[in-house]
file my_file36.pdb (PDB, C-alpha atoms)
MODEL        1
ATOM      1  CA  MET Y   1       0.000   0.000   0.000
ATOM      2  CA  LYS Y   2       2.939   2.300   0.710
ATOM      3  CA  SER Y   3       4.111   1.907  -2.903
ATOM      4  CA  LEU Y   4       0.677   3.012  -4.140
ATOM      5  CA  GLU Y   5       0.851   6.150  -1.986
ATOM      6  CA  VAL Y   6       4.312   6.959  -3.352
ATOM      7  CA  ALA Y   7       3.092   6.343  -6.906
ATOM      8  CA  VAL Y   8       0.147   8.715  -6.408
ATOM      9  CA  ILE Y   9       2.491  11.427  -5.096
ATOM     10  CA  VAL Y  10       4.852  10.960  -8.055
ATOM     11  CA  VAL Y  11       1.925  11.073 -10.481
ATOM     12  CA  LEU Y  12       0.510  14.217  -8.941
ATOM     13  CA  ALA Y  13       3.929  15.876  -9.069
ATOM     14  CA  ASN Y  14       4.283  14.912 -12.724
ATOM     15  CA  LEU Y  15       0.817  16.220 -13.506
ATOM     16  CA  LEU Y  16       1.367  19.517 -11.717
ATOM     17  CA  TYR Y  17       4.789  20.186 -13.203
ATOM     18  CA  ALA Y  18       4.276  18.616 -16.621
ATOM     19  CA  GLY Y  19       5.160  20.807 -19.540
ATOM     20  CA  GLY Y  20       5.418  20.566 -23.294
ATOM     21  CA  SER Y  21       3.622  17.587 -24.785
ATOM     22  CA  HIS Y  22       2.683  16.230 -21.359
ATOM     23  CA  GLY Y  23       0.852  19.391 -20.302
ATOM     24  CA  SER Y  24      -2.453  17.746 -21.118
ATOM     25  CA  LEU Y  25      -2.027  14.806 -18.706
ATOM     26  CA  LEU Y  26      -4.227  16.391 -16.066
ATOM     27  CA  SER Y  27      -6.855  17.297 -18.637
ATOM     28  CA  ALA Y  28      -6.777  13.692 -19.930
ATOM     29  CA  ILE Y  29      -8.355  12.430 -16.705
ATOM     30  CA  ALA Y  30     -10.532  15.499 -16.037
ATOM     31  CA  GLY Y  31     -14.124  14.406 -15.596
ATOM     32  CA  CYS Y  32     -13.229  10.726 -15.135
ATOM     33  CA  LYS Y  33     -14.256   8.629 -12.173
ATOM     34  CA  GLN Y  34     -11.412   6.917 -10.312
ATOM     35  CA  TYR Y  35     -11.199   3.300  -9.183
ATOM     36  CA  SER Y  36      -8.230   2.036  -7.172
ATOM     37  CA  SER Y  37      -7.732  -1.652  -7.748
ATOM     38  CA  ASN Y  38      -7.182  -3.462  -4.493
ATOM     39  CA  ALA Y  39      -8.946  -6.608  -5.643
ATOM     40  CA  GLY Y  40      -6.681  -9.284  -7.032
ATOM     41  CA  TYR Y  41      -7.190 -11.221 -10.224
ATOM     42  CA  ASP Y  42      -9.212 -13.995  -8.570
ATOM     43  CA  ASP Y  43     -11.119 -11.811  -6.111
ATOM     44  CA  ALA Y  44     -14.805 -10.975  -6.426
ATOM     45  CA  LEU Y  45     -14.956  -7.802  -8.494
ATOM     46  CA  LEU Y  46     -17.225  -4.795  -8.360
ATOM     47  CA  TYR Y  47     -19.017  -4.773 -11.726
ATOM     48  CA  ILE Y  48     -20.235  -1.308 -12.650
ATOM     49  CA  PRO Y  49     -23.474  -1.038 -14.655
ATOM     50  CA  THR Y  50     -22.527   0.775 -17.851
ATOM     51  CA  GLY Y  51     -26.111   2.013 -18.129
ATOM     52  CA  ASN Y  52     -25.338   4.281 -15.145
ATOM     53  CA  LEU Y  53     -22.262   5.825 -16.764
ATOM     54  CA  GLN Y  54     -22.582   9.368 -18.075
ATOM     55  CA  ASN Y  55     -20.003   9.199 -20.869
ATOM     56  CA  VAL Y  56     -20.838   6.237 -23.067
ATOM     57  CA  GLY Y  57     -20.808   6.822 -26.792
ATOM     58  CA  HIS Y  58     -23.820   5.269 -28.491
ATOM     59  CA  ARG Y  59     -23.413   4.811 -32.220
ATOM     60  CA  SER Y  60     -25.816   2.979 -34.513
ATOM     61  CA  ASP Y  61     -23.611  -0.123 -34.452
ATOM     62  CA  SER Y  62     -21.455   0.180 -31.299
ATOM     63  CA  LYS Y  63     -20.847   1.458 -27.766
ATOM     64  CA  VAL Y  64     -17.739   3.494 -26.953
ATOM     65  CA  PHE Y  65     -16.021   3.778 -23.557
ATOM     66  CA  LYS Y  66     -13.011   5.869 -22.549
ATOM     67  CA  PHE Y  67     -10.860   4.730 -19.610
ATOM     68  CA  GLY Y  68      -7.340   5.079 -18.264
ATOM     69  CA  VAL Y  69      -4.799   2.959 -16.429
ATOM     70  CA  LEU Y  70      -2.033   4.192 -14.149
ATOM     71  CA  GLY Y  71       0.493   1.565 -13.131
ATOM     72  CA  PRO Y  72       3.466  -0.471 -14.275
ATOM     73  CA  ASN Y  73       1.733  -3.489 -15.844
ATOM     74  CA  ASP Y  74      -1.313  -5.750 -16.188
ATOM     75  CA  GLY Y  75      -4.382  -3.547 -16.309
ATOM     76  CA  HIS Y  76      -7.379  -5.858 -16.659
ATOM     77  CA  LEU Y  77     -10.796  -4.736 -17.860
ATOM     78  CA  ARG Y  78     -13.666  -7.212 -17.920
ATOM     79  CA  TYR Y  79     -17.123  -6.652 -19.325
ATOM     80  CA  GLY Y  80     -20.190  -8.791 -19.648
ATOM     81  CA  GLU Y  81     -23.929  -9.143 -19.693
ATOM     82  CA  THR Y  82     -24.667  -9.626 -15.982
ATOM     83  CA  LEU Y  83     -23.738  -8.104 -12.637
ATOM     84  CA  PHE Y  84     -22.465 -11.388 -11.165
ATOM     85  CA  PRO Y  85     -21.012 -13.232 -14.154
ATOM     86  CA  TYR Y  86     -20.201 -16.590 -12.559
ATOM     87  CA  GLY Y  87     -21.192 -19.278 -15.013
ATOM     88  CA  LYS Y  88     -21.385 -16.723 -17.833
ATOM     89  CA  SER Y  89     -18.699 -15.576 -20.227
ATOM     90  CA  VAL Y  90     -17.091 -12.157 -19.965
ATOM     91  CA  ILE Y  91     -14.574 -10.479 -22.206
ATOM     92  CA  GLU Y  92     -11.270  -9.767 -20.504
ATOM     93  CA  ILE Y  93      -8.810  -7.300 -21.982
ATOM     94  CA  VAL Y  94      -5.314  -7.379 -20.492
ATOM     95  CA  ILE Y  95      -3.322  -4.228 -21.217
ATOM     96  CA  GLY Y  96       0.423  -4.244 -20.620
ATOM     97  CA  GLY Y  97       0.512  -7.827 -19.425
ATOM     98  CA  TRP Y  98       3.579 -10.042 -19.220
ATOM     99  CA  ASP Y  99       5.662  -7.327 -17.576
ATOM    100  CA  ASN Y 100       4.221  -4.570 -19.807
ATOM    101  CA  THR Y 101       5.182  -6.283 -23.078
ATOM    102  CA  LYS Y 102       1.891  -7.330 -24.684
ATOM    103  CA  SER Y 103      -1.874  -6.954 -24.562
ATOM    104  CA  VAL Y 104      -4.427  -9.706 -25.099
ATOM    105  CA  ALA Y 105      -8.156 -10.186 -25.311
ATOM    106  CA  ARG Y 106      -9.892 -13.321 -24.193
ATOM    107  CA  GLN Y 107     -13.258 -14.768 -23.454
ATOM    108  CA  GLN Y 108     -13.346 -15.920 -19.857
ATOM    109  CA  LEU Y 109     -15.797 -18.346 -18.298
ATOM    110  CA  ARG Y 110     -15.494 -18.222 -14.522
ATOM    111  CA  LEU Y 111     -17.287 -20.949 -12.555
ATOM    112  CA  THR Y 112     -15.873 -20.105  -9.113
ATOM    113  CA  LYS Y 113     -13.399 -17.634  -7.701
ATOM    114  CA  THR Y 114     -10.414 -19.666  -8.909
ATOM    115  CA  LEU Y 115     -11.935 -22.050 -11.472
ATOM    116  CA  PHE Y 116     -12.069 -20.476 -14.910
ATOM    117  CA  THR Y 117     -11.136 -20.994 -18.530
ATOM    118  CA  ASN Y 118      -9.706 -18.448 -20.932
ATOM    119  CA  ASN Y 119     -10.136 -18.562 -24.700
ATOM    120  CA  GLN Y 120      -7.731 -16.139 -26.337
ATOM    121  CA  LEU Y 121      -9.306 -13.897 -28.981
ATOM    122  CA  GLY Y 122      -6.429 -11.565 -29.835
ATOM    123  CA  GLU Y 123      -2.865 -10.614 -28.951
ATOM    124  CA  ARG Y 124      -0.550  -7.730 -29.766
ATOM    125  CA  GLN Y 125       2.948  -6.777 -28.676
ATOM    126  CA  THR Y 126       2.625  -3.463 -26.779
ATOM    127  CA  PRO Y 127       5.954  -2.853 -25.002
ATOM    128  CA  GLY Y 128       5.801  -0.028 -22.469
ATOM    129  CA  ILE Y 129       2.131   0.793 -23.069
ATOM    130  CA  LEU Y 130       1.513   1.447 -19.348
ATOM    131  CA  SER Y 131       3.374   3.783 -17.018
ATOM    132  CA  PRO Y 132       3.550   4.106 -13.239
ATOM    133  CA  TYR Y 133       4.132   7.862 -13.692
ATOM    134  CA  HIS Y 134       1.215   8.974 -15.851
ATOM    135  CA  PRO Y 135      -2.107   7.453 -16.886
ATOM    136  CA  THR Y 136      -2.497   5.985 -20.347
ATOM    137  CA  ILE Y 137      -5.941   6.751 -21.764
ATOM    138  CA  PHE Y 138      -7.733   4.189 -23.942
ATOM    139  CA  VAL Y 139     -10.874   4.008 -26.036
ATOM    140  CA  LEU Y 140     -12.832   0.742 -26.132
ATOM    141  CA  GLU Y 141     -15.395   0.266 -28.897
ATOM    142  CA  VAL Y 142     -17.707  -2.759 -28.753
ATOM    143  CA  PHE Y 143     -19.541  -3.313 -32.042
ATOM    144  CA  ASN Y 144     -22.891  -5.104 -32.290
ATOM    145  CA  ASN Y 145     -21.437  -7.520 -34.883
ATOM    146  CA  GLY Y 146     -18.821  -8.863 -32.406
ATOM    147  CA  VAL Y 147     -15.821  -6.780 -33.432
ATOM    148  CA  VAL Y 148     -14.034  -5.088 -30.515
ATOM    149  CA  GLN Y 149     -11.324  -2.438 -30.834
ATOM    150  CA  VAL Y 150      -9.008  -0.927 -28.234
ATOM    151  CA  SER Y 151      -7.084   2.256 -29.072
ATOM    152  CA  ILE Y 152      -4.863   4.697 -27.264
ATOM    153  CA  ASP Y 153      -6.879   7.906 -27.032
ATOM    154  CA  GLY Y 154      -5.954  10.228 -29.866
ATOM    155  CA  HIS Y 155      -4.475   7.504 -32.080
ATOM    156  CA  ALA Y 156      -6.139   6.937 -35.426
ATOM    157  CA  HIS Y 157      -5.893   3.126 -35.379
ATOM    158  CA  PRO Y 158      -6.576   0.533 -32.685
ATOM    159  CA  PHE Y 159      -3.655  -1.412 -31.261
ATOM    160  CA  LEU Y 160      -5.878  -4.417 -30.530
ATOM    161  CA  THR Y 161      -8.806  -5.647 -32.627
ATOM    162  CA  PHE Y 162     -10.551  -8.964 -32.111
ATOM    163  CA  PHE Y 163     -13.804 -10.776 -32.833
ATOM    164  CA  ASP Y 164     -16.156 -11.978 -30.106
ATOM    165  CA  ASN Y 165     -18.387 -14.597 -31.738
ATOM    166  CA  THR Y 166     -20.770 -14.571 -28.751
ATOM    167  CA  ARG Y 167     -21.250 -10.781 -29.084
ATOM    168  CA  THR Y 168     -20.962 -10.283 -25.328
ATOM    169  CA  PRO Y 169     -22.710  -7.025 -24.439
ATOM    170  CA  ALA Y 170     -20.852  -4.463 -22.329
ATOM    171  CA  ASN Y 171     -23.679  -4.083 -19.785
ATOM    172  CA  TYR Y 172     -21.348  -4.339 -16.771
ATOM    173  CA  MET Y 173     -17.663  -3.512 -16.471
ATOM    174  CA  ALA Y 174     -14.991  -4.295 -13.871
ATOM    175  CA  PHE Y 175     -11.298  -3.574 -13.385
ATOM    176  CA  THR Y 176      -8.643  -5.682 -11.720
ATOM    177  CA  LYS Y 177      -4.910  -6.226 -11.484
ATOM    178  CA  TRP Y 178      -2.485  -9.098 -11.593
ATOM    179  CA  ASN Y 179       0.423  -8.419  -9.244
ATOM    180  CA  ARG Y 180       0.755  -4.635  -8.828
ATOM    181  CA  ASP Y 181      -1.584  -1.964  -7.486
ATOM    182  CA  LEU Y 182      -3.176   0.140 -10.203
ATOM    183  CA  ILE Y 183      -5.448   3.144 -10.494
ATOM    184  CA  PHE Y 184      -8.149   3.073 -13.153
ATOM    185  CA  PHE Y 185     -10.020   6.032 -14.561
ATOM    186  CA  TYR Y 186     -13.379   5.286 -16.144
ATOM    187  CA  ASP Y 187     -16.487   7.017 -17.432
ATOM    188  CA  CYS Y 188     -14.145   9.581 -18.978
ATOM    189  CA  PRO Y 189     -15.685  12.233 -21.208
ATOM    190  CA  LEU Y 190     -15.460  11.289 -24.865
ATOM    191  CA  THR Y 191     -13.740  13.587 -27.303
ATOM    192  CA  PRO Y 192     -16.308  15.031 -29.720
TER     193      PRO Y 192
ENDMDL
END
call {"tool": "encode", "arguments": {"input": "my_file36.pdb", "output": "structure tokens"}}
result
Amino acid sequence: MKSLEVAVIVVLANLLYAGGSHGSLLSAIAGCKQYSSNAGYDDALLYIPTGNLQNVGHRSDSKVFKFGVLGPNDGHLRYGETLFPYGKSVIEIVIGGWDNTKSVARQQLRLTKTLFTNNQLGERQTPGILSPYHPTIFVLEVFNNGVVQVSIDGHAHPFLTFFDNTRTPANYMAFTKWNRDLIFFYDCPLTP
């Protein structure tokens, strides 16, 4: 917990004294809600109803979410159809996994806290995508036809695209970590 407090102080110092191209770091998380991940990978997670979020983009064929991750590695986002998804599949997106070297998407079926199966849907090398010093902001777009794209905010092309043949709806969303404390920012205002 002490390392998380030090990380928050370092981040705040970087945000306050950032100049040049990093001057917009504070504005990148302005208006976002914050979630500090204390729950581990196998812990029961708090699933947030996306219908209660204020900043969801609704297009004719997709939903768009903007979120951020602050931490050294392994930011996990899960979304699914139900509030308590035991016995139901969720989509899990791992950003900066494997010591911040790659990102993957998988369909996860969790039967109990520690009994689950993962079916990998996509993988991409993403060395250094996360940082313990400043949040990285992402855009998640879930299409009705099963295509899912994850982009770094402001980038023209997604770094991870995959197909979910079950077309899992993003009705509920949760965040978790693997081995390091993280801070997530969610329900971030979308860029017009």
call {"tool": "atom_distance", "arguments": {"input": "my_file36.pdb", "atom1": "atom CA of Val104 of chain Y", "atom2": "atom CA of Leu121 of chain Y"}}
result
7.5 Å
call {"tool": "residues_around", "arguments": {"input": "my_file36.pdb", "residues": "Ala39 of chain Y", "least_positions_apart": "6", "cutoff": "8 Å", "atoms": "all atoms listed in the file", "output": "number ranges by chain"}}
result
Y: 45, 176-177
call {"tool": "atom_distance", "arguments": {"input": "my_file36.pdb", "atom1": "atom CA of Gln149 of chain Y", "atom2": "atom CA of Asp164 of chain Y"}}
result
10.7 Å
call {"tool": "residues_around", "arguments": {"input": "my_file36.pdb", "residues": "Pro85 of chain Y", "least_positions_apart": "4", "cutoff": "9 Å", "atoms": "all atoms listed in the file", "output": "PyMOL selection string"}}
result
chain Y and resi 80-81+89-90+109-111
call {"tool": "atom_distance", "arguments": {"input": "my_file36.pdb", "atom1": "atom CA of Ala170 of chain Y", "atom2": "atom CA of Thr136 of chain Y"}}
result
21.2 Å
call {"tool": "resolve_selection", "arguments": {"input": "my_file36.pdb", "expression": "the PyMOL selection byres ((chain Y and resi 31) around 12)", "output": "VMD selection string"}}
result
chain Y and resid 26 to 30 32 to 34 53 to 55 66 to 68 185 to 191
call {"tool": "residues_near_point", "arguments": {"input": "my_file36.pdb", "point": "(-21.9, 3.4, -28.1)", "cutoff": "10 Å", "atoms": "only C-alpha atoms", "output": "list in words"}}
result
Asn55, Val56, Gly57, His58, Arg59, Ser60, Asp61, Ser62, Lys63, Val64, Phe65, Leu140, Glu141, Val142, Phe143, Asn144 and Ala170 of chain Y
